[in-house]
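Q: Mind looking over this structure? Questions follow.
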Amino acid sequence: MEKSHTEIQGLKIRKMRRDEVEFVIQMETGEEWIPGIHDGEIFYETDPDGFFIAEVEGETIGCVSAVAYDDSFGFLGLYVVKPEFRNKGVGVKLTEKCLERMGNRNIGLDAVVENEKKYQELMKFKSFYSNLRFEGRGEARFRMGL
């Protein structure tokens, strides 16, 4: 995997504690990913050993999950780095930890469209399908009775 030229000194990748799941939800919300109300707890309970935090000098700057569903399949997700720490090797280190965790499993992930090529080139992932996302506002109208 290609190394960044401006890696952060003192970067540590460690297992996430249960009480840090809220950080993940805050990061997702900041990216406008609209997480489910209980997503963090549900995924964490599925595989508590598959959640990682990136930190520098005690400051949490990124997160990722590598949830192993069984011996043959896992899924990467919740992959976010604070904007001011992007393109400095944090994502590479988080990814290395996930790939180490997943071992020889087949791995799925949903990619932000802008990063799809990066996942293909650097991590050798292959696109299997594409998502379309629609957004809009509707007007609620209720009709009482039958």
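All residue names refer to the structure tokens as shown: chains lettered A, B, ... in order, residues numbered from 1 in each chain, ligands numbered from 1 in order.
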Counting only C-alpha atoms, give me one row per residue of segment 18-70 of chain A with an atom at most 12 Å from an atom of segment 104-117 of chain A, showing the shortest contact pair and its distance in Å to one decimal, sorted by chain then residue number, as a tab-separated table.
A:
```
residue	atom	partner	partner_atom	distance
A:Glu31	CA	A:Val112	CA	10.6
A:Glu32	CA	A:Val112	CA	11.8
A:Trp33	CA	A:Val112	CA	10.1
A:Val64	CA	A:Leu109	CA	11.3
A:Ser65	CA	A:Leu109	CA	10.2
A:Ala66	CA	A:Ile107	CA	8.8
A:Val67	CA	A:Ile107	CA	9.4
A:Ala68	CA	A:Arg105	CA	8.2
A:Tyr69	CA	A:Arg105	CA	9.6
A:Asp70	CA	A:Arg105	CA	8.5
```
Q: Write the residues of the preceding selection, restricted to C-alpha atoms, as a PDB file, in the first residue's frame.
A:
```pdb
ATOM      1  CA  GLU A  31     -20.208  13.377   6.872  1.00  0.00           C
ATOM      2  CA  GLU A  32     -24.023  13.443   6.422  1.00  0.00           C
ATOM      3  CA  TRP A  33     -24.178   9.639   6.236  1.00  0.00           C
ATOM      4  CA  VAL A  64     -13.015   2.172  11.192  1.00  0.00           C
ATOM      5  CA  SER A  65     -14.717  -1.170  11.669  1.00  0.00           C
ATOM      6  CA  ALA A  66     -13.720  -4.586  10.375  1.00  0.00           C
ATOM      7  CA  VAL A  67     -16.632  -6.772  11.447  1.00  0.00           C
ATOM      8  CA  ALA A  68     -16.027 -10.505  11.016  1.00  0.00           C
ATOM      9  CA  TYR A  69     -19.372 -12.215  10.520  1.00  0.00           C
ATOM     10  CA  ASP A  70     -17.813 -15.685  10.310  1.00  0.00           C
TER      11      ASP A  70
END
```
Q: List every residue of segment 10-144 of chain A that DSSP, applied to the backbone of this structure, places in helix (DSSP H, G or I), and write the result as a ChimeraX atom specification.
A: /A:18-30,39-46,48-50,83-85,90-102,113-123
Q: With N, CA and C atoms kept, could you save the residues just selected as a short mmCIF file (atom, residue, chain, number, x, y, z; two decimals), in the first residue's frame?
A:
```cif
data_model
loop_
_atom_site.label_atom_id
_atom_site.label_comp_id
_atom_site.auth_asym_id
_atom_site.auth_seq_id
_atom_site.Cartn_x
_atom_site.Cartn_y
_atom_site.Cartn_z
N ARG A 18 -16.09 0.27 23.98
CA ARG A 18 -17.53 0.40 23.79
C ARG A 18 -18.01 1.83 24.00
N ASP A 19 -17.43 2.52 24.98
CA ASP A 19 -17.88 3.88 25.27
C ASP A 19 -17.46 4.89 24.19
N GLU A 20 -16.69 4.45 23.20
CA GLU A 20 -16.26 5.33 22.12
C GLU A 20 -17.12 5.20 20.87
N VAL A 21 -18.10 4.35 20.90
CA VAL A 21 -18.97 4.15 19.73
C VAL A 21 -19.66 5.46 19.35
N GLU A 22 -19.99 6.28 20.31
CA GLU A 22 -20.65 7.56 20.02
C GLU A 22 -19.78 8.45 19.13
N PHE A 23 -18.46 8.37 19.27
CA PHE A 23 -17.55 9.12 18.40
C PHE A 23 -17.79 8.74 16.94
N VAL A 24 -17.96 7.45 16.69
CA VAL A 24 -18.20 6.97 15.34
C VAL A 24 -19.47 7.58 14.77
N ILE A 25 -20.53 7.56 15.56
CA ILE A 25 -21.81 8.11 15.11
C ILE A 25 -21.68 9.61 14.83
N GLN A 26 -20.95 10.32 15.67
CA GLN A 26 -20.73 11.76 15.43
C GLN A 26 -19.96 11.99 14.13
N MET A 27 -18.96 11.15 13.87
CA MET A 27 -18.19 11.27 12.63
C MET A 27 -19.08 11.01 11.42
N GLU A 28 -19.90 9.97 11.48
CA GLU A 28 -20.81 9.66 10.37
C GLU A 28 -21.78 10.82 10.13
N THR A 29 -22.33 11.33 11.20
CA THR A 29 -23.28 12.43 11.09
C THR A 29 -22.61 13.65 10.46
N GLY A 30 -21.37 13.91 10.85
CA GLY A 30 -20.62 15.03 10.27
C GLY A 30 -20.39 14.88 8.78
N ASP A 39 -27.13 1.93 15.21
CA ASP A 39 -26.12 1.26 14.37
C ASP A 39 -24.84 0.96 15.13
N GLY A 40 -24.31 1.93 15.82
CA GLY A 40 -23.04 1.76 16.53
C GLY A 40 -23.07 0.60 17.49
N GLU A 41 -24.09 0.55 18.33
CA GLU A 41 -24.18 -0.52 19.34
C GLU A 41 -24.38 -1.89 18.69
N ILE A 42 -25.21 -1.94 17.65
CA ILE A 42 -25.52 -3.22 17.00
C ILE A 42 -24.26 -3.80 16.34
N PHE A 43 -23.55 -2.98 15.57
CA PHE A 43 -22.35 -3.46 14.92
C PHE A 43 -21.28 -3.83 15.95
N TYR A 44 -21.15 -3.02 16.98
CA TYR A 44 -20.14 -3.29 18.01
C TYR A 44 -20.42 -4.63 18.69
N GLU A 45 -21.67 -4.89 19.00
CA GLU A 45 -22.02 -6.15 19.65
C GLU A 45 -21.78 -7.35 18.74
N THR A 46 -21.87 -7.15 17.43
CA THR A 46 -21.63 -8.24 16.49
C THR A 46 -20.19 -8.72 16.55
N PRO A 48 -17.02 -7.00 18.76
CA PRO A 48 -16.34 -5.94 19.50
C PRO A 48 -14.84 -5.84 19.22
N ASP A 49 -14.23 -6.91 18.71
CA ASP A 49 -12.80 -6.87 18.40
C ASP A 49 -12.51 -6.22 17.05
N GLY A 50 -13.55 -5.86 16.32
CA GLY A 50 -13.36 -5.34 14.97
C GLY A 50 -13.51 -3.84 14.83
N PRO A 83 -11.39 15.74 8.88
CA PRO A 83 -10.88 16.40 7.67
C PRO A 83 -9.45 16.94 7.78
N GLU A 84 -9.11 17.52 8.90
CA GLU A 84 -7.77 18.12 9.03
C GLU A 84 -6.65 17.08 9.11
N PHE A 85 -7.00 15.80 9.24
CA PHE A 85 -6.00 14.73 9.32
C PHE A 85 -6.01 13.82 8.09
N VAL A 90 -3.34 8.39 7.82
CA VAL A 90 -4.23 7.83 8.84
C VAL A 90 -5.11 6.74 8.25
N GLY A 91 -5.70 7.02 7.11
CA GLY A 91 -6.56 6.03 6.45
C GLY A 91 -5.79 4.78 6.06
N VAL A 92 -4.55 4.95 5.61
CA VAL A 92 -3.72 3.80 5.25
C VAL A 92 -3.50 2.92 6.47
N LYS A 93 -3.16 3.53 7.60
CA LYS A 93 -2.90 2.76 8.83
C LYS A 93 -4.17 2.06 9.31
N LEU A 94 -5.31 2.75 9.24
CA LEU A 94 -6.58 2.12 9.63
C LEU A 94 -6.89 0.93 8.71
N THR A 95 -6.66 1.12 7.42
CA THR A 95 -6.92 0.05 6.46
C THR A 95 -6.01 -1.15 6.71
N GLU A 96 -4.74 -0.90 6.96
CA GLU A 96 -3.80 -1.99 7.25
C GLU A 96 -4.28 -2.80 8.45
N LYS A 97 -4.77 -2.11 9.48
CA LYS A 97 -5.26 -2.80 10.67
C LYS A 97 -6.47 -3.66 10.32
N CYS A 98 -7.37 -3.13 9.50
CA CYS A 98 -8.56 -3.89 9.09
C CYS A 98 -8.19 -5.12 8.28
N LEU A 99 -7.29 -4.96 7.33
CA LEU A 99 -6.91 -6.09 6.49
C LEU A 99 -6.21 -7.16 7.32
N GLU A 100 -5.40 -6.74 8.29
CA GLU A 100 -4.78 -7.69 9.21
C GLU A 100 -5.86 -8.44 9.99
N ARG A 101 -6.85 -7.72 10.47
CA ARG A 101 -7.95 -8.31 11.25
C ARG A 101 -8.76 -9.30 10.42
N MET A 102 -9.00 -8.97 9.15
CA MET A 102 -9.84 -9.80 8.29
C MET A 102 -9.13 -11.06 7.82
N VAL A 113 -18.19 7.33 -3.41
CA VAL A 113 -17.91 7.28 -4.84
C VAL A 113 -16.56 7.93 -5.18
N GLU A 114 -16.24 9.04 -4.54
CA GLU A 114 -14.98 9.74 -4.83
C GLU A 114 -13.75 8.89 -4.47
N ASN A 115 -13.91 7.92 -3.57
CA ASN A 115 -12.78 7.10 -3.13
C ASN A 115 -12.74 5.71 -3.77
N GLU A 116 -13.71 5.41 -4.61
CA GLU A 116 -13.80 4.07 -5.19
C GLU A 116 -12.52 3.68 -5.93
N LYS A 117 -11.99 4.56 -6.73
CA LYS A 117 -10.77 4.28 -7.49
C LYS A 117 -9.59 4.03 -6.55
N LYS A 118 -9.52 4.77 -5.45
CA LYS A 118 -8.45 4.58 -4.46
C LYS A 118 -8.52 3.18 -3.86
N TYR A 119 -9.72 2.72 -3.52
CA TYR A 119 -9.88 1.38 -2.96
C TYR A 119 -9.48 0.31 -3.98
N GLN A 120 -9.79 0.56 -5.24
CA GLN A 120 -9.44 -0.40 -6.29
C GLN A 120 -7.93 -0.45 -6.51
N GLU A 121 -7.29 0.70 -6.58
CA GLU A 121 -5.87 0.77 -6.91
C GLU A 121 -4.98 0.39 -5.72
N LEU A 122 -5.22 0.98 -4.57
CA LEU A 122 -4.34 0.78 -3.43
C LEU A 122 -4.61 -0.52 -2.68
N MET A 123 -5.88 -0.91 -2.61
CA MET A 123 -6.25 -2.05 -1.77
C MET A 123 -6.72 -3.24 -2.57
#
```
Q: Need to verify the contact set: Met16 of chain A, 6 Å, only C-alpha atoms, exclusion of same-chain residues closer than 2 positions in sequence. Can you return it as a list in words?
A: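 Non-adjacent residues within range: Phe51, Phe52 and Ile53 of chain A.
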Q: Keeping N, CA and C atoms for every residue in the selection just given, could you write it to a file as a PDB file, in the first residue's frame?
A:
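Saved file result_27.pdb follows:
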```pdb
ATOM      1  N   PHE A  51     -13.360  -3.091  15.912  1.00  0.00           N
ATOM      2  CA  PHE A  51     -13.511  -1.639  15.861  1.00  0.00           C
ATOM      3  C   PHE A  51     -12.217  -0.984  16.298  1.00  0.00           C
ATOM      4  N   PHE A  52     -11.774   0.019  15.509  1.00  0.00           N
ATOM      5  CA  PHE A  52     -10.478   0.626  15.764  1.00  0.00           C
ATOM      6  C   PHE A  52     -10.569   2.151  15.744  1.00  0.00           C
ATOM      7  N   ILE A  53      -9.716   2.740  16.550  1.00  0.00           N
ATOM      8  CA  ILE A  53      -9.615   4.195  16.693  1.00  0.00           C
ATOM      9  C   ILE A  53      -8.209   4.608  16.279  1.00  0.00           C
TER      10      ILE A  53
END
```
Q: Extract the full set of strand (DSSP E) residues from chain A according to DSSP on the backbone, and format it as a ChimeraX atom specification.
A: /A:11-15,51-56,59-68,73-81,106-109
Q: Please produce a file of the residues just selected, as an mmCIF file, in the first residue's frame, where the atoms kept are N, CA and C atoms.
A:
```cif
data_model
loop_
_atom_site.group_PDB
_atom_site.id
_atom_site.type_symbol
_atom_site.label_atom_id
_atom_site.label_comp_id
_atom_site.auth_asym_id
_atom_site.auth_seq_id
_atom_site.Cartn_x
_atom_site.Cartn_y
_atom_site.Cartn_z
ATOM 1 N N LEU A 11 1.104 8.678 15.596
ATOM 2 C CA LEU A 11 -0.195 8.081 15.283
ATOM 3 C C LEU A 11 -0.274 6.687 15.883
ATOM 4 N N LYS A 12 -1.371 6.406 16.580
ATOM 5 C CA LYS A 12 -1.609 5.079 17.149
ATOM 6 C C LYS A 12 -2.949 4.565 16.664
ATOM 7 N N ILE A 13 -2.989 3.292 16.315
ATOM 8 C CA ILE A 13 -4.237 2.622 15.957
ATOM 9 C C ILE A 13 -4.476 1.597 17.051
ATOM 10 N N ARG A 14 -5.625 1.660 17.689
ATOM 11 C CA ARG A 14 -5.924 0.749 18.789
ATOM 12 C C ARG A 14 -7.373 0.297 18.710
ATOM 13 N N LYS A 15 -7.658 -0.754 19.465
ATOM 14 C CA LYS A 15 -9.028 -1.270 19.540
ATOM 15 C C LYS A 15 -9.924 -0.226 20.211
ATOM 16 N N PHE A 51 -13.360 -3.091 15.912
ATOM 17 C CA PHE A 51 -13.511 -1.639 15.861
ATOM 18 C C PHE A 51 -12.217 -0.984 16.298
ATOM 19 N N PHE A 52 -11.774 0.019 15.509
ATOM 20 C CA PHE A 52 -10.478 0.626 15.764
ATOM 21 C C PHE A 52 -10.569 2.151 15.744
ATOM 22 N N ILE A 53 -9.716 2.740 16.550
ATOM 23 C CA ILE A 53 -9.615 4.195 16.693
ATOM 24 C C ILE A 53 -8.209 4.608 16.279
ATOM 25 N N ALA A 54 -8.119 5.719 15.564
ATOM 26 C CA ALA A 54 -6.827 6.351 15.285
ATOM 27 C C ALA A 54 -6.724 7.541 16.231
ATOM 28 N N GLU A 55 -5.583 7.666 16.890
ATOM 29 C CA GLU A 55 -5.407 8.794 17.797
ATOM 30 C C GLU A 55 -3.975 9.310 17.753
ATOM 31 N N VAL A 56 -3.845 10.585 18.069
ATOM 32 C CA VAL A 56 -2.554 11.246 18.188
ATOM 33 C C VAL A 56 -2.562 12.009 19.499
ATOM 34 N N GLU A 59 -5.817 12.397 21.269
ATOM 35 C CA GLU A 59 -6.954 12.941 20.514
ATOM 36 C C GLU A 59 -7.420 11.916 19.495
ATOM 37 N N THR A 60 -8.707 11.581 19.530
ATOM 38 C CA THR A 60 -9.295 10.645 18.575
ATOM 39 C C THR A 60 -9.497 11.380 17.260
ATOM 40 N N ILE A 61 -8.880 10.846 16.189
ATOM 41 C CA ILE A 61 -8.926 11.547 14.902
ATOM 42 C C ILE A 61 -9.563 10.731 13.780
ATOM 43 N N GLY A 62 -9.852 9.446 14.030
ATOM 44 C CA GLY A 62 -10.459 8.624 12.993
ATOM 45 C C GLY A 62 -10.922 7.294 13.548
ATOM 46 N N CYS A 63 -11.675 6.574 12.735
ATOM 47 C CA CYS A 63 -12.217 5.293 13.171
ATOM 48 C C CYS A 63 -12.517 4.421 11.958
ATOM 49 N N VAL A 64 -12.668 3.134 12.232
ATOM 50 C CA VAL A 64 -13.015 2.172 11.192
ATOM 51 C C VAL A 64 -13.523 0.912 11.879
ATOM 52 N N SER A 65 -14.315 0.136 11.151
ATOM 53 C CA SER A 65 -14.717 -1.170 11.669
ATOM 54 C C SER A 65 -14.347 -2.235 10.658
ATOM 55 N N ALA A 66 -14.009 -3.409 11.184
ATOM 56 C CA ALA A 66 -13.720 -4.586 10.375
ATOM 57 C C ALA A 66 -14.475 -5.733 11.042
ATOM 58 N N VAL A 67 -15.759 -5.809 10.777
ATOM 59 C CA VAL A 67 -16.632 -6.772 11.447
ATOM 60 C C VAL A 67 -16.544 -8.129 10.762
ATOM 61 N N ALA A 68 -16.114 -9.138 11.520
ATOM 62 C CA ALA A 68 -16.027 -10.505 11.016
ATOM 63 C C ALA A 68 -17.339 -11.209 11.341
ATOM 64 N N PHE A 73 -16.276 -14.345 5.871
ATOM 65 C CA PHE A 73 -16.753 -13.042 5.387
ATOM 66 C C PHE A 73 -16.677 -11.979 6.470
ATOM 67 N N GLY A 74 -16.250 -10.805 6.058
ATOM 68 C CA GLY A 74 -16.235 -9.642 6.941
ATOM 69 C C GLY A 74 -16.588 -8.399 6.151
ATOM 70 N N PHE A 75 -16.836 -7.317 6.855
ATOM 71 C CA PHE A 75 -17.256 -6.082 6.200
ATOM 72 C C PHE A 75 -16.546 -4.905 6.842
ATOM 73 N N LEU A 76 -15.959 -4.045 6.006
ATOM 74 C CA LEU A 76 -15.321 -2.821 6.484
ATOM 75 C C LEU A 76 -16.330 -1.687 6.427
ATOM 76 N N GLY A 77 -16.314 -0.843 7.426
ATOM 77 C CA GLY A 77 -17.229 0.284 7.432
ATOM 78 C C GLY A 77 -16.861 1.312 8.482
ATOM 79 N N LEU A 78 -17.742 2.273 8.657
ATOM 80 C CA LEU A 78 -17.568 3.326 9.650
ATOM 81 C C LEU A 78 -16.184 3.969 9.509
ATOM 82 N N TYR A 79 -15.735 4.106 8.298
ATOM 83 C CA TYR A 79 -14.383 4.531 7.971
ATOM 84 C C TYR A 79 -14.360 6.040 7.767
ATOM 85 N N VAL A 80 -13.929 6.769 8.799
ATOM 86 C CA VAL A 80 -13.913 8.228 8.728
ATOM 87 C C VAL A 80 -12.670 8.760 9.439
ATOM 88 N N VAL A 81 -12.061 9.774 8.838
ATOM 89 C CA VAL A 81 -10.943 10.493 9.442
ATOM 90 C C VAL A 81 -11.335 11.968 9.472
ATOM 91 N N ASN A 106 -13.303 -13.096 2.684
ATOM 92 C CA ASN A 106 -13.823 -12.199 1.659
ATOM 93 C C ASN A 106 -14.279 -10.954 2.395
ATOM 94 N N ILE A 107 -14.014 -9.787 1.816
ATOM 95 C CA ILE A 107 -14.310 -8.531 2.495
ATOM 96 C C ILE A 107 -15.232 -7.686 1.630
ATOM 97 N N GLY A 108 -16.301 -7.198 2.239
ATOM 98 C CA GLY A 108 -17.192 -6.264 1.574
ATOM 99 C C GLY A 108 -17.013 -4.879 2.166
ATOM 100 N N LEU A 109 -17.356 -3.860 1.395
ATOM 101 C CA LEU A 109 -17.384 -2.492 1.898
ATOM 102 C C LEU A 109 -18.208 -1.642 0.958
#
```
Q: Separation of atom CA of Lys124 of chain A and atom CA of Asn87 of chain A, in Å?
A: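 Between atom CA of Lys124 of chain A and atom CA of Asn87 of chain A the gap is 18.8 Å.
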